[in-house]
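Below is one structure, written out as structure tokens, with a few remarks after it.
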Amino acid sequence: MFGSEKKVVFQLREIKDLAKTRTMGGARDDGIEVTTKDGSKYVFANLFHRDETFDMLSQLTANTMKRVLMNSEYSTTQFQPASSSLQVSAGGHMRSPSTASSATGGINPDSRLPMAATAAHQSSLTNGASLAEQIAKQRRNEEFRGEFGLPRSETLLSLIESASLSLPETASVYSGKLYLSTSFACYMSRDFRGCRITLPLAAIRRIERANGFDRNNVACYELVITVWHQMTVSFKVPLDNSECNRWCDALRGQLKAMVEEQRYAKANRTALSRYTLKSFCKTCASEQILQGRDAELDCLGQTFGYPGDPKELKERAKSKYWVAYFKEYGRNLTIIRRAEYDRLIRVGLPNSLRGEIWELSSGAMYLRFQNRGVYDKYVNDYNNCPGPYAEEIEKDLNRSLPEYAGYQAPEGIDALRRVLNAYSLRDSELGYCQAMNIVASTMLIFMTEEQVFWTLTVMCDRLVPGYYSPSMYGATLDQSIFQSLVEETMPMLATKFKRHDMQLSIACLPWFLTLFVNSMPLVYALRVLDCFFLEGPKIL
């Protein structure tokens, strides 16, 4: 403005706090205050799009901090800024760093498939889009995937903001949002105690759209979806809602692409053609139980027994409740998660269904469904050439739940060895960390090796990121939070620890790393894991 320009440059990782603020003596609400680690404060005013700029800066800072904590770059499936600095000139103009294009020829971390086509698709999506639009899109995708526990490869394609759900054979009607991503159709009710649906497109048998009436006798569109298990769900959308047309068009396009993919796989006899939806459902205990048979699972509990007394745990009564729920609201890939689903888990899971419900609640089932046969590939790679962590894993095998009979036999030790080595090959950067063997050995009692592999993947990548990394930044952060809570709620205990010059983390760090498996009787620790996979790390 006055013929001169002042520039301020600081790295995003140096930002300590961001806040919206008022300027010109509080007369205008158009500023952003940035506080750096050295205590410096910068106030930028006259920002015409202050909220948009604040959101963009917050997301860029969060991305940078993730990279600093992990000490590694993001995967190529995610948006990442090429620079981690912010340049600001006088007058409130922010110059954003350029975006880095995804490298072609990489490996999809969720499926080990070449990503050249995916990178080209991502490039076409970002052409002509501003940085703010890309940041907003990244945030929407992250929130969407986190809400429904979906793989990182999923991208939100379409959204209907207002849709009513009618459940089969019930009078329940829910109001919420209907989502469509690359491979899933999802629904989330607005009511906290409502319901949630995560439906793979491959499980859709039929979809119809017709004119109908809602419960207030108002004309609307009705979308009726019939799924693999012959259950139907009905969504009603207002007639004047243009989002419905876009959603249906996007769904039609995704289903056509999926059919073409299946034809290509069958014609070229690729690995995908050997793994059908029918064969996948046979691996789920719920299918066998609904047929009136005892679940025959390829897990250690089936051979060496499950922890606890079945009569004291009321296994038969719990199984009856779950069978009734499956009959009314679907199972495994097509289940409808109502408030009753959460209540049944908190009451305690029957041992025969615990593995499947863990896998379903965490989202690992969807990852396994999209990557059928990948675990076998990693096991073959390990058999042909053991990875760099094989020796370290071997040392910890006999220390994994030694009190359980399955780990006093070769069958249990061999299964644990395969799972841990396969995971170390999948995530070569994280590899293997002590305490992973404790968690994996617990899951192997109730789950197959492939289920444990993908559940461990979801746990390390999304549920407790950084717990098992070389720096253990996730566990260290949770320890700091736990220390603050102890000082606030139990000051006498905190004072006693300080008086004896003892660190609380010495006693408590193993609790978090082993998810309390080694800190209490196994029967009680399993209840902690039930709620952990349902509600996430806040349970810890």
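Residues are named by chain letter and number: chains run A, B, ... in the order of the structure tokens, numbers start at 1 in each chain, and ligands are numbered from 1 in the order shown.
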Pick out each residue of segment 133-174 of chain A that DSSP on the backbone tags as alpha helix (DSSP H); I need them as a count of residues only.
16
So that I can check the surroundings of segment 423-437 of chain A, please list as a PyMOL selection string every protein, DNA and RNA residue that reaches within 8 Å of it, counting only C-alpha atoms and ignoring chain neighbours fewer than 3 positions away.
chain A and resi 109+378+382+387+389+392-393+396-397+400+416+419-420+440-441+453+457+468-470+510+513-514
Would you save the residues of that selection, restricted to N, CA and C atoms, as an mmCIF file, in the first residue's frame?
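Final output, saved to part_15.cif:
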data_model
loop_
_atom_site.group_PDB
_atom_site.id
_atom_site.type_symbol
_atom_site.label_atom_id
_atom_site.label_comp_id
_atom_site.auth_asym_id
_atom_site.auth_seq_id
_atom_site.Cartn_x
_atom_site.Cartn_y
_atom_site.Cartn_z
ATOM 1 N N PRO A 109 -1.062 -48.762 0.050
ATOM 2 C CA PRO A 109 -0.819 -49.372 1.361
ATOM 3 C C PRO A 109 -1.938 -50.275 1.821
ATOM 4 N N TYR A 378 1.773 -62.029 1.610
ATOM 5 C CA TYR A 378 2.813 -61.632 2.563
ATOM 6 C C TYR A 378 3.418 -62.848 3.252
ATOM 7 N N TYR A 382 7.302 -63.976 3.243
ATOM 8 C CA TYR A 382 8.086 -64.267 4.455
ATOM 9 C C TYR A 382 8.735 -65.644 4.353
ATOM 10 N N GLY A 387 11.944 -61.186 6.707
ATOM 11 C CA GLY A 387 12.269 -59.774 6.767
ATOM 12 C C GLY A 387 13.290 -59.461 7.851
ATOM 13 N N TYR A 389 12.940 -58.048 10.651
ATOM 14 C CA TYR A 389 12.445 -58.117 12.021
ATOM 15 C C TYR A 389 12.194 -59.558 12.480
ATOM 16 N N GLU A 392 13.991 -60.540 15.777
ATOM 17 C CA GLU A 392 13.421 -59.873 16.950
ATOM 18 C C GLU A 392 12.063 -60.469 17.314
ATOM 19 N N ILE A 393 11.278 -60.794 16.299
ATOM 20 C CA ILE A 393 9.975 -61.415 16.548
ATOM 21 C C ILE A 393 10.150 -62.782 17.206
ATOM 22 N N ASP A 396 10.387 -62.911 20.988
ATOM 23 C CA ASP A 396 9.209 -62.586 21.800
ATOM 24 C C ASP A 396 8.082 -63.603 21.685
ATOM 25 N N LEU A 397 8.221 -64.592 20.823
ATOM 26 C CA LEU A 397 7.113 -65.516 20.593
ATOM 27 C C LEU A 397 6.730 -66.283 21.852
ATOM 28 N N SER A 400 4.569 -64.521 24.749
ATOM 29 C CA SER A 400 3.226 -64.055 24.426
ATOM 30 C C SER A 400 2.181 -64.935 25.097
ATOM 31 N N LEU A 416 1.252 -67.125 15.367
ATOM 32 C CA LEU A 416 1.700 -65.797 15.791
ATOM 33 C C LEU A 416 2.913 -65.346 14.993
ATOM 34 N N VAL A 419 1.721 -64.123 11.513
ATOM 35 C CA VAL A 419 1.012 -62.845 11.545
ATOM 36 C C VAL A 419 1.982 -61.685 11.741
ATOM 37 N N LEU A 420 2.865 -61.797 12.725
ATOM 38 C CA LEU A 420 3.774 -60.692 13.034
ATOM 39 C C LEU A 420 4.763 -60.449 11.905
ATOM 40 N N ALA A 440 -1.560 -59.227 19.476
ATOM 41 C CA ALA A 440 -1.834 -60.176 18.389
ATOM 42 C C ALA A 440 -2.147 -61.570 18.941
ATOM 43 N N SER A 441 -1.428 -61.991 19.976
ATOM 44 C CA SER A 441 -1.680 -63.322 20.537
ATOM 45 C C SER A 441 -3.058 -63.408 21.178
ATOM 46 N N PHE A 453 -4.369 -60.103 11.155
ATOM 47 C CA PHE A 453 -3.472 -59.270 10.353
ATOM 48 C C PHE A 453 -4.118 -57.937 10.012
ATOM 49 N N THR A 457 -3.557 -54.124 11.491
ATOM 50 C CA THR A 457 -3.287 -53.016 10.577
ATOM 51 C C THR A 457 -4.130 -51.795 10.923
ATOM 52 N N TYR A 468 3.225 -48.064 18.426
ATOM 53 C CA TYR A 468 4.247 -49.071 18.177
ATOM 54 C C TYR A 468 5.315 -48.582 17.203
ATOM 55 N N SER A 469 5.400 -47.266 17.004
ATOM 56 C CA SER A 469 6.445 -46.702 16.160
ATOM 57 C C SER A 469 7.755 -46.657 16.953
ATOM 58 N N PRO A 470 8.894 -46.475 16.284
ATOM 59 C CA PRO A 470 10.175 -46.443 17.021
ATOM 60 C C PRO A 470 10.208 -45.406 18.140
ATOM 61 N N PRO A 510 3.165 -49.903 30.089
ATOM 62 C CA PRO A 510 2.760 -51.241 29.605
ATOM 63 C C PRO A 510 1.242 -51.416 29.548
ATOM 64 N N LEU A 513 0.350 -49.963 26.048
ATOM 65 C CA LEU A 513 0.935 -50.680 24.913
ATOM 66 C C LEU A 513 0.294 -52.049 24.718
ATOM 67 N N THR A 514 -0.070 -52.708 25.813
ATOM 68 C CA THR A 514 -0.690 -54.043 25.710
ATOM 69 C C THR A 514 -2.211 -53.977 25.783
#
Polymer residues at most 9 Å from Gly305 of chain A, only C-alpha atoms, same-chain spacing of 3 or more positions, as an mmCIF file with C-alpha atoms, in the first residue's frame:
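Wrote around-v4.cif, looks like this:
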data_model
loop_
_atom_site.group_PDB
_atom_site.id
_atom_site.type_symbol
_atom_site.label_atom_id
_atom_site.label_comp_id
_atom_site.auth_asym_id
_atom_site.auth_seq_id
_atom_site.Cartn_x
_atom_site.Cartn_y
_atom_site.Cartn_z
ATOM 1 C CA LEU A 300 -6.829 -71.089 18.659
ATOM 2 C CA GLY A 301 -9.869 -70.888 20.918
ATOM 3 C CA GLN A 302 -11.615 -73.524 18.837
ATOM 4 C CA ALA A 405 -2.365 -73.464 26.392
ATOM 5 C CA GLY A 406 -2.305 -72.496 22.708
ATOM 6 C CA ILE A 445 -7.617 -66.852 20.322
#
Using only C-alpha atoms for the distances, tell me which of A:Ser361, A:Asn216, A:Asn421, A:Asn332 is nearest to Cys385 of chain A.
A:Asn421
Residue nearest Arg337 of chain A - candidates A:Asn245, A:Ser181, A:Thr226, A:Thr198, atoms counted: only C-alpha atoms:
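Selected residue with least distance to Arg337 of chain A: A:Thr198.
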Coordinates-based distance that separates atom CA of Leu165 of chain A from atom CA of Leu178 of chain A (Å, one decimal)
9.3 Å
Got a sec to tell me which of segment 206-373 of chain A DSSP assigns to strand (DSSP E), as a PyMOL selection string?
chain A and resi 206-213+219-227+232-238+336-338
10 Å contact set for Phe213 of chain A, only C-alpha atoms, chain neighbours under 5 positions out, as an MDAnalysis selection string
chainID A and resid 218:222 236:239
Give me a file of those residues, with C-alpha atoms, as a tab-separated table (two decimals), in the first residue's frame.
chain	number	residue	atom	x	y	z
A	218	VAL	CA	-45.33	-35.65	1.42
A	219	ALA	CA	-44.24	-36.77	-2.04
A	220	CYS	CA	-40.62	-37.93	-2.21
A	221	TYR	CA	-38.13	-40.20	-3.96
A	222	GLU	CA	-37.77	-43.67	-2.48
A	236	LYS	CA	-36.69	-41.44	1.27
A	237	VAL	CA	-35.45	-38.15	-0.17
A	238	PRO	CA	-37.47	-34.97	-0.95
A	239	LEU	CA	-38.49	-34.58	-4.59
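Minimum atom-to-atom distances from A:Glu147, A:Asp214, A:Asp461, A:Glu340 to Tyr187 of chain A were compared using only C-alpha atoms, and the lowest value belongs to A:Glu147.
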Which residue out of A:Ser164, A:Ala45, A:Leu333, A:Leu57 has the minimum interatomic distance to Ile15 of chain A when only C-alpha atoms are used?
A:Leu57
Can you tell me which residues surround segment 523-536 of chain A at a distance of at most 7 Å, considering only C-alpha atoms, apart from same-chain residues fewer than 5 positions away, and format the answer as a CSV table (one decimal) with N, CA, C and O atoms, in the first residue's frame?
chain,number,residue,atom,x,y,z
A,307,PRO,N,-11.0,-68.4,27.1
A,307,PRO,CA,-10.8,-68.1,28.5
A,307,PRO,C,-12.2,-68.0,29.2
A,307,PRO,O,-13.2,-67.6,28.6
A,308,GLY,N,-12.2,-68.3,30.5
A,308,GLY,CA,-13.4,-68.2,31.3
A,308,GLY,C,-14.3,-69.4,31.3
A,308,GLY,O,-14.2,-70.3,30.4
A,345,ILE,N,-22.6,-55.2,22.8
A,345,ILE,CA,-21.2,-55.3,23.0
A,345,ILE,C,-20.8,-54.9,24.4
A,345,ILE,O,-19.9,-55.6,25.0
A,346,ARG,N,-21.3,-53.9,24.9
A,346,ARG,CA,-21.0,-53.5,26.3
A,346,ARG,C,-21.4,-54.5,27.3
A,346,ARG,O,-20.7,-54.7,28.4
A,348,GLY,N,-21.1,-57.6,26.9
A,348,GLY,CA,-20.1,-58.7,26.8
A,348,GLY,C,-20.4,-59.6,25.6
A,348,GLY,O,-21.5,-60.0,25.4
A,358,TRP,N,-15.2,-57.8,16.7
A,358,TRP,CA,-14.0,-57.0,16.8
A,358,TRP,C,-13.7,-56.5,15.4
A,358,TRP,O,-13.4,-55.3,15.2
A,361,SER,N,-16.5,-54.0,14.1
A,361,SER,CA,-16.5,-52.7,14.8
A,361,SER,C,-15.3,-51.8,14.5
A,361,SER,O,-15.4,-50.6,14.4
A,362,SER,N,-14.1,-52.4,14.3
A,362,SER,CA,-12.9,-51.6,14.0
A,362,SER,C,-12.8,-51.2,12.5
A,362,SER,O,-12.1,-50.3,12.2
A,463,LEU,N,-6.4,-46.6,15.0
A,463,LEU,CA,-7.0,-46.6,16.4
A,463,LEU,C,-5.9,-46.1,17.4
A,463,LEU,O,-6.2,-45.2,18.2
A,516,PHE,N,-4.0,-53.3,28.2
A,516,PHE,CA,-4.4,-53.8,29.5
A,516,PHE,C,-4.5,-55.3,29.5
A,516,PHE,O,-5.0,-55.9,30.5
A,517,VAL,N,-4.0,-56.0,28.5
A,517,VAL,CA,-4.1,-57.5,28.4
A,517,VAL,C,-3.2,-58.1,29.5
A,517,VAL,O,-3.6,-59.1,30.2
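Atom CA of Glu356 of chain A is positioned 11.0 Å from atom CA of Cys281 of chain A.
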Which of these, A:Leu157, A:Leu60, A:Ala364, A:Ile506, has the shortest distance to Ala136 of chain A once you count only C-alpha atoms?
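Of A:Leu157, A:Leu60, A:Ala364, A:Ile506, the one nearest Ala136 of chain A is A:Leu60, counting only C-alpha atoms.
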When you count only C-alpha atoms, which of these residues is closest to Val464 of chain A: A:Ala19, A:Leu156, A:Leu477, A:Val259?
A:Leu477
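Residues in contact with Cys284 of chain A at 10 Å, where only C-alpha atoms are counted and same-chain residues fewer than 5 positions away are skipped, are listed as A:Ser279, A:Ile289, A:Ala295, A:Glu296, A:Leu297, A:Arg331, A:Asn332, A:Leu333, A:Leu353, A:Gly355, A:Glu356, A:Ile357, A:Met365, A:Met447.
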Tell me, as a ChimeraX atom specification, which residues lie within 9 Å of segment 247-253 of chain A, counting only C-alpha atoms; anything in the same chain fewer than 6 positions away does not count.
/A:157-160,178-182,185,201,209
Please, what distance in Å, to one decimal, runs between atom CA of Ser352 of chain A and atom CA of Ala203 of chain A?
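Answer for the atom CA of Ser352 of chain A to atom CA of Ala203 of chain A separation: 24.1 Å.
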